[in-house]
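A.B. asks: Okay, so here is upload-v5.pdb, and as you'll see once you scroll down, it has PDB, C-alpha atoms.
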```
MODEL        1
ATOM      1  CA  GLN A 172      66.174  -6.059   8.777  1.00  0.00           C
ATOM      2  CA  VAL A 173      64.415  -9.411   9.138  1.00  0.00           C
ATOM      3  CA  GLN A 174      62.001 -10.252   6.357  1.00  0.00           C
ATOM      4  CA  LEU A 175      59.676 -13.237   5.932  1.00  0.00           C
ATOM      5  CA  VAL A 176      58.345 -14.020   2.470  1.00  0.00           C
ATOM      6  CA  GLU A 177      55.481 -16.470   2.152  1.00  0.00           C
ATOM      7  CA  SER A 178      54.318 -18.237  -0.985  1.00  0.00           C
ATOM      8  CA  GLY A 179      52.175 -21.130  -2.155  1.00  0.00           C
ATOM      9  CA  GLY A 180      48.654 -20.073  -1.280  1.00  0.00           C
ATOM     10  CA  GLY A 181      45.768 -20.203  -3.703  1.00  0.00           C
ATOM     11  CA  LEU A 182      42.455 -21.769  -4.602  1.00  0.00           C
ATOM     12  CA  VAL A 183      42.089 -25.531  -4.340  1.00  0.00           C
ATOM     13  CA  GLN A 184      39.187 -27.955  -4.445  1.00  0.00           C
ATOM     14  CA  PRO A 185      38.177 -29.959  -1.388  1.00  0.00           C
ATOM     15  CA  GLY A 186      40.439 -32.969  -1.039  1.00  0.00           C
ATOM     16  CA  GLY A 187      43.277 -31.215  -2.811  1.00  0.00           C
ATOM     17  CA  SER A 188      46.760 -30.265  -1.659  1.00  0.00           C
ATOM     18  CA  LEU A 189      48.885 -27.161  -1.334  1.00  0.00           C
ATOM     19  CA  ARG A 190      52.399 -26.474  -0.100  1.00  0.00           C
ATOM     20  CA  LEU A 191      53.185 -23.222   1.652  1.00  0.00           C
ATOM     21  CA  SER A 192      56.693 -21.851   2.017  1.00  0.00           C
ATOM     22  CA  CYS A 193      58.115 -19.112   4.205  1.00  0.00           C
ATOM     23  CA  ALA A 194      61.668 -17.923   3.699  1.00  0.00           C
ATOM     24  CA  ALA A 195      63.406 -15.746   6.252  1.00  0.00           C
ATOM     25  CA  SER A 196      66.189 -13.323   5.448  1.00  0.00           C
ATOM     26  CA  PRO A 197      68.946 -12.337   5.850  1.00  0.00           C
ATOM     27  CA  SER A 198      70.669 -15.703   5.778  1.00  0.00           C
ATOM     28  CA  SER A 199      72.565 -14.735   8.926  1.00  0.00           C
ATOM     29  CA  PHE A 200      69.286 -14.549  10.848  1.00  0.00           C
ATOM     30  CA  SER A 201      69.424 -17.151  13.621  1.00  0.00           C
ATOM     31  CA  ILE A 202      66.108 -18.928  14.066  1.00  0.00           C
ATOM     32  CA  ASN A 203      64.844 -21.004  16.950  1.00  0.00           C
ATOM     33  CA  ALA A 204      61.311 -22.300  16.351  1.00  0.00           C
ATOM     34  CA  MET A 205      59.088 -21.779  13.313  1.00  0.00           C
ATOM     35  CA  TYR A 206      55.294 -21.815  13.153  1.00  0.00           C
ATOM     36  CA  TRP A 207      52.284 -21.611  10.897  1.00  0.00           C
ATOM     37  CA  TYR A 208      49.133 -19.838  12.056  1.00  0.00           C
ATOM     38  CA  ARG A 209      45.877 -19.175  10.260  1.00  0.00           C
ATOM     39  CA  GLN A 210      43.009 -16.749  10.584  1.00  0.00           C
ATOM     40  CA  ALA A 211      39.610 -17.293   9.041  1.00  0.00           C
ATOM     41  CA  PRO A 212      37.148 -14.424   8.562  1.00  0.00           C
ATOM     42  CA  GLY A 213      35.557 -13.461  11.857  1.00  0.00           C
ATOM     43  CA  LYS A 214      37.763 -15.812  13.853  1.00  0.00           C
ATOM     44  CA  GLN A 215      40.836 -15.458  15.993  1.00  0.00           C
ATOM     45  CA  ARG A 216      44.245 -16.370  14.673  1.00  0.00           C
ATOM     46  CA  GLU A 217      45.083 -19.939  15.645  1.00  0.00           C
ATOM     47  CA  LEU A 218      48.228 -22.034  15.746  1.00  0.00           C
ATOM     48  CA  VAL A 219      48.298 -24.685  13.043  1.00  0.00           C
ATOM     49  CA  ALA A 220      51.723 -26.261  13.488  1.00  0.00           C
ATOM     50  CA  GLY A 221      55.141 -25.617  14.949  1.00  0.00           C
ATOM     51  CA  ILE A 222      58.641 -27.043  14.563  1.00  0.00           C
ATOM     52  CA  THR A 223      61.733 -26.600  16.687  1.00  0.00           C
ATOM     53  CA  ARG A 224      65.233 -26.199  15.338  1.00  0.00           C
ATOM     54  CA  SER A 225      65.897 -29.853  16.075  1.00  0.00           C
ATOM     55  CA  GLY A 226      62.787 -30.905  14.181  1.00  0.00           C
ATOM     56  CA  SER A 227      60.257 -31.645  16.899  1.00  0.00           C
ATOM     57  CA  THR A 228      56.761 -30.846  15.686  1.00  0.00           C
ATOM     58  CA  ASN A 229      53.317 -30.152  17.072  1.00  0.00           C
ATOM     59  CA  TYR A 230      49.954 -29.752  15.342  1.00  0.00           C
ATOM     60  CA  ALA A 231      46.477 -28.487  16.023  1.00  0.00           C
ATOM     61  CA  ASP A 232      44.067 -31.387  16.411  1.00  0.00           C
ATOM     62  CA  SER A 233      42.095 -30.160  13.403  1.00  0.00           C
ATOM     63  CA  VAL A 234      45.014 -30.723  11.015  1.00  0.00           C
ATOM     64  CA  LYS A 235      46.743 -33.786  12.470  1.00  0.00           C
ATOM     65  CA  GLY A 236      47.254 -36.447   9.836  1.00  0.00           C
ATOM     66  CA  ARG A 237      46.578 -33.989   7.001  1.00  0.00           C
ATOM     67  CA  PHE A 238      49.241 -31.275   7.363  1.00  0.00           C
ATOM     68  CA  THR A 239      53.000 -31.671   7.687  1.00  0.00           C
ATOM     69  CA  ILE A 240      55.381 -28.952   8.811  1.00  0.00           C
ATOM     70  CA  SER A 241      59.059 -29.133   7.892  1.00  0.00           C
ATOM     71  CA  ARG A 242      62.026 -26.813   7.692  1.00  0.00           C
ATOM     72  CA  ASP A 243      65.322 -26.369   5.908  1.00  0.00           C
ATOM     73  CA  ASN A 244      67.701 -24.721   8.344  1.00  0.00           C
ATOM     74  CA  ALA A 245      70.288 -24.032   5.647  1.00  0.00           C
ATOM     75  CA  LYS A 246      67.705 -21.995   3.744  1.00  0.00           C
ATOM     76  CA  ASN A 247      65.962 -20.503   6.785  1.00  0.00           C
ATOM     77  CA  THR A 248      62.724 -21.790   5.289  1.00  0.00           C
ATOM     78  CA  VAL A 249      59.675 -23.457   6.780  1.00  0.00           C
ATOM     79  CA  TYR A 250      57.111 -25.413   4.786  1.00  0.00           C
ATOM     80  CA  LEU A 251      53.555 -26.531   5.361  1.00  0.00           C
ATOM     81  CA  GLN A 252      52.358 -29.428   3.220  1.00  0.00           C
ATOM     82  CA  MET A 253      48.573 -29.470   3.332  1.00  0.00           C
ATOM     83  CA  SER A 254      46.619 -32.451   2.063  1.00  0.00           C
ATOM     84  CA  SER A 255      42.983 -33.561   2.141  1.00  0.00           C
ATOM     85  CA  LEU A 256      42.007 -29.928   2.367  1.00  0.00           C
ATOM     86  CA  LYS A 257      38.555 -29.023   3.611  1.00  0.00           C
ATOM     87  CA  PRO A 258      36.487 -25.852   3.173  1.00  0.00           C
ATOM     88  CA  GLU A 259      37.060 -25.110   6.857  1.00  0.00           C
ATOM     89  CA  ASP A 260      40.790 -24.833   6.142  1.00  0.00           C
ATOM     90  CA  THR A 261      40.062 -21.632   4.234  1.00  0.00           C
ATOM     91  CA  ALA A 262      41.985 -18.816   5.906  1.00  0.00           C
ATOM     92  CA  VAL A 263      44.921 -16.481   5.629  1.00  0.00           C
ATOM     93  CA  TYR A 264      47.985 -18.458   6.655  1.00  0.00           C
ATOM     94  CA  TYR A 265      50.839 -16.711   8.437  1.00  0.00           C
ATOM     95  CA  CYS A 266      54.294 -17.925   9.293  1.00  0.00           C
ATOM     96  CA  LYS A 267      55.982 -16.850  12.479  1.00  0.00           C
ATOM     97  CA  VAL A 268      59.578 -17.397  13.475  1.00  0.00           C
ATOM     98  CA  MET A 269      61.137 -17.098  16.881  1.00  0.00           C
ATOM     99  CA  SER A 270      64.701 -15.885  16.753  1.00  0.00           C
ATOM    100  CA  SER A 271      67.479 -17.329  18.871  1.00  0.00           C
ATOM    101  CA  ASP A 272      67.007 -14.378  21.247  1.00  0.00           C
ATOM    102  CA  TYR A 273      63.271 -15.191  21.509  1.00  0.00           C
ATOM    103  CA  ARG A 274      61.835 -12.402  19.383  1.00  0.00           C
ATOM    104  CA  ASP A 275      58.824 -13.127  17.160  1.00  0.00           C
ATOM    105  CA  TYR A 276      58.615 -12.129  13.516  1.00  0.00           C
ATOM    106  CA  TRP A 277      55.558 -12.522  11.299  1.00  0.00           C
ATOM    107  CA  GLY A 278      55.063 -12.988   7.592  1.00  0.00           C
ATOM    108  CA  GLN A 279      52.562 -10.985   5.556  1.00  0.00           C
ATOM    109  CA  GLY A 280      50.133 -13.875   5.137  1.00  0.00           C
ATOM    110  CA  THR A 281      48.989 -15.920   2.180  1.00  0.00           C
ATOM    111  CA  GLN A 282      45.384 -16.730   1.308  1.00  0.00           C
ATOM    112  CA  VAL A 283      44.274 -20.351   1.101  1.00  0.00           C
ATOM    113  CA  THR A 284      40.779 -20.951  -0.239  1.00  0.00           C
ATOM    114  CA  VAL A 285      39.267 -24.422  -0.368  1.00  0.00           C
ATOM    115  CA  SER A 286      36.168 -24.436  -2.529  1.00  0.00           C
ATOM    116  CA  SER A 287      34.566 -26.328  -5.362  1.00  0.00           C
TER
ENDMDL
END
```
Mind turning the file's structure into structure tokens?
C.D. replies:
Amino acid sequence: QVQLVESGGGLVQPGGSLRLSCAASPSSFSINAMYWYRQAPGKQRELVAGITRSGSTNYADSVKGRFTISRDNAKNTVYLQMSSLKPEDTAVYYCKVMSSDYRDYWGQGTQVTVSS
């Protein structure tokens, strides 16, 4: 059974940084692309960043230059380094992975709150 475990969320002041992690198991799980989404209260879930197996990345315009997505294929883990955080970045952040047979799997979400 595929499982995604997210970590790294929390409370941070504006201008601060956080690093999210999402580890997929079992280790034999073959992953294609990996993504981070977020959902703020009263808003639709939106794509924040994505990364292919080969390392090509894409970002939402709102986070370009501030967030960096990366992955460790050996660990089946995707990361989201968030810097210069703003109050509008407050949301529940979800990771999603696309398997090699193009199925989507979601993590449970981790809360990120940016507030002074």
A.B. asks: Expanded to explicit residues, what is the PyMOL selection byres ((chain A and resi 208-212) around 8) for this file, as a PDB file with C-alpha atoms, in the coordinates of the input?
C.D. replies:
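Final output, expr09.pdb:
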```pdb
ATOM      1  CA  TYR A 206      55.294 -21.815  13.153  1.00  0.00           C
ATOM      2  CA  TRP A 207      52.284 -21.611  10.897  1.00  0.00           C
ATOM      3  CA  GLY A 213      35.557 -13.461  11.857  1.00  0.00           C
ATOM      4  CA  LYS A 214      37.763 -15.812  13.853  1.00  0.00           C
ATOM      5  CA  GLN A 215      40.836 -15.458  15.993  1.00  0.00           C
ATOM      6  CA  ARG A 216      44.245 -16.370  14.673  1.00  0.00           C
ATOM      7  CA  GLU A 217      45.083 -19.939  15.645  1.00  0.00           C
ATOM      8  CA  LEU A 218      48.228 -22.034  15.746  1.00  0.00           C
ATOM      9  CA  VAL A 219      48.298 -24.685  13.043  1.00  0.00           C
ATOM     10  CA  ALA A 220      51.723 -26.261  13.488  1.00  0.00           C
ATOM     11  CA  THR A 261      40.062 -21.632   4.234  1.00  0.00           C
ATOM     12  CA  ALA A 262      41.985 -18.816   5.906  1.00  0.00           C
ATOM     13  CA  VAL A 263      44.921 -16.481   5.629  1.00  0.00           C
ATOM     14  CA  TYR A 264      47.985 -18.458   6.655  1.00  0.00           C
ATOM     15  CA  TYR A 265      50.839 -16.711   8.437  1.00  0.00           C
ATOM     16  CA  CYS A 266      54.294 -17.925   9.293  1.00  0.00           C
ATOM     17  CA  LYS A 267      55.982 -16.850  12.479  1.00  0.00           C
TER      18      LYS A 267
END
```
A.B. asks: Given only C-alpha atoms as the basis, pick out the residue of A:Met253, A:Val285, A:Ala231, A:Met205 nearest to Leu191 of chain A.
C.D. replies: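 Using only C-alpha atoms, the shortest distance to Leu191 of chain A belongs to A:Met253.
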A.B. asks: Nearest to Leu256 of chain A: which of A:Ser227, A:Ser241, A:Ser233, A:Ser201 is it, counting all atoms listed in the file?
C.D. replies: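 When distances to Leu256 of chain A are compared using all atoms listed in the file, the smallest one comes from A:Ser233.
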A.B. asks: Starting from the shown file, work through the PyMOL selection byres ((chain A and resi 200) around 9) and note down what comes out as a VMD selection string.
C.D. replies: chain A and resid 173 195 to 199 201 to 202 247 270 to 271
A.B. asks: What residues come out when you apply the PyMOL selection byres ((chain A and resi 240) around 9) to this file, written as a count of residues only?
C.D. replies: 17
A.B. asks: One number please: atom CA of Asn244 of chain A to atom CA of Leu189 of chain A, in Å, one decimal.
C.D. replies: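 Rounded to one decimal, the two atoms are 21.3 Å apart.
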A.B. asks: Provide the atom CA of Gln282 of chain A to atom CA of Gly181 of chain A distance in Å, to one decimal place.
C.D. replies: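 Computing it gives 6.1 Å between the two atoms.
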A.B. asks: Using all atoms listed in the file, which of the listed residues (A:Asn203, A:Arg274, A:Gln172, A:Pro258) sits closest to Ser286 of chain A?
C.D. replies: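 Looking only at the distances to Ser286 of chain A, the closest residue turns out to be A:Pro258.
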A.B. asks: Distance atom CA of Asp243 of chain A-atom CA of Gly179 of chain A, one decimal place?
C.D. replies: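 A separation of 16.3 Å between them.
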A.B. asks: When you count all atoms listed in the file, which of these residues is closest to Glu177 of chain A: A:Gln279, A:Ala245, A:Ser287, A:Arg224?
C.D. replies: A:Gln279
A.B. asks: Using all atoms listed in the file, pick whichever of A:Ala204, A:Val268, A:Val183, A:Cys193 has the shortest atom-to-atom distance to Thr281 of chain A.
C.D. replies: A:Cys193
A.B. asks: Which is closest to Ser192 of chain A among A:Met269, A:Asp275, A:Asp260, A:Gly280, if we use all atoms listed in the file?
C.D. replies: A:Gly280
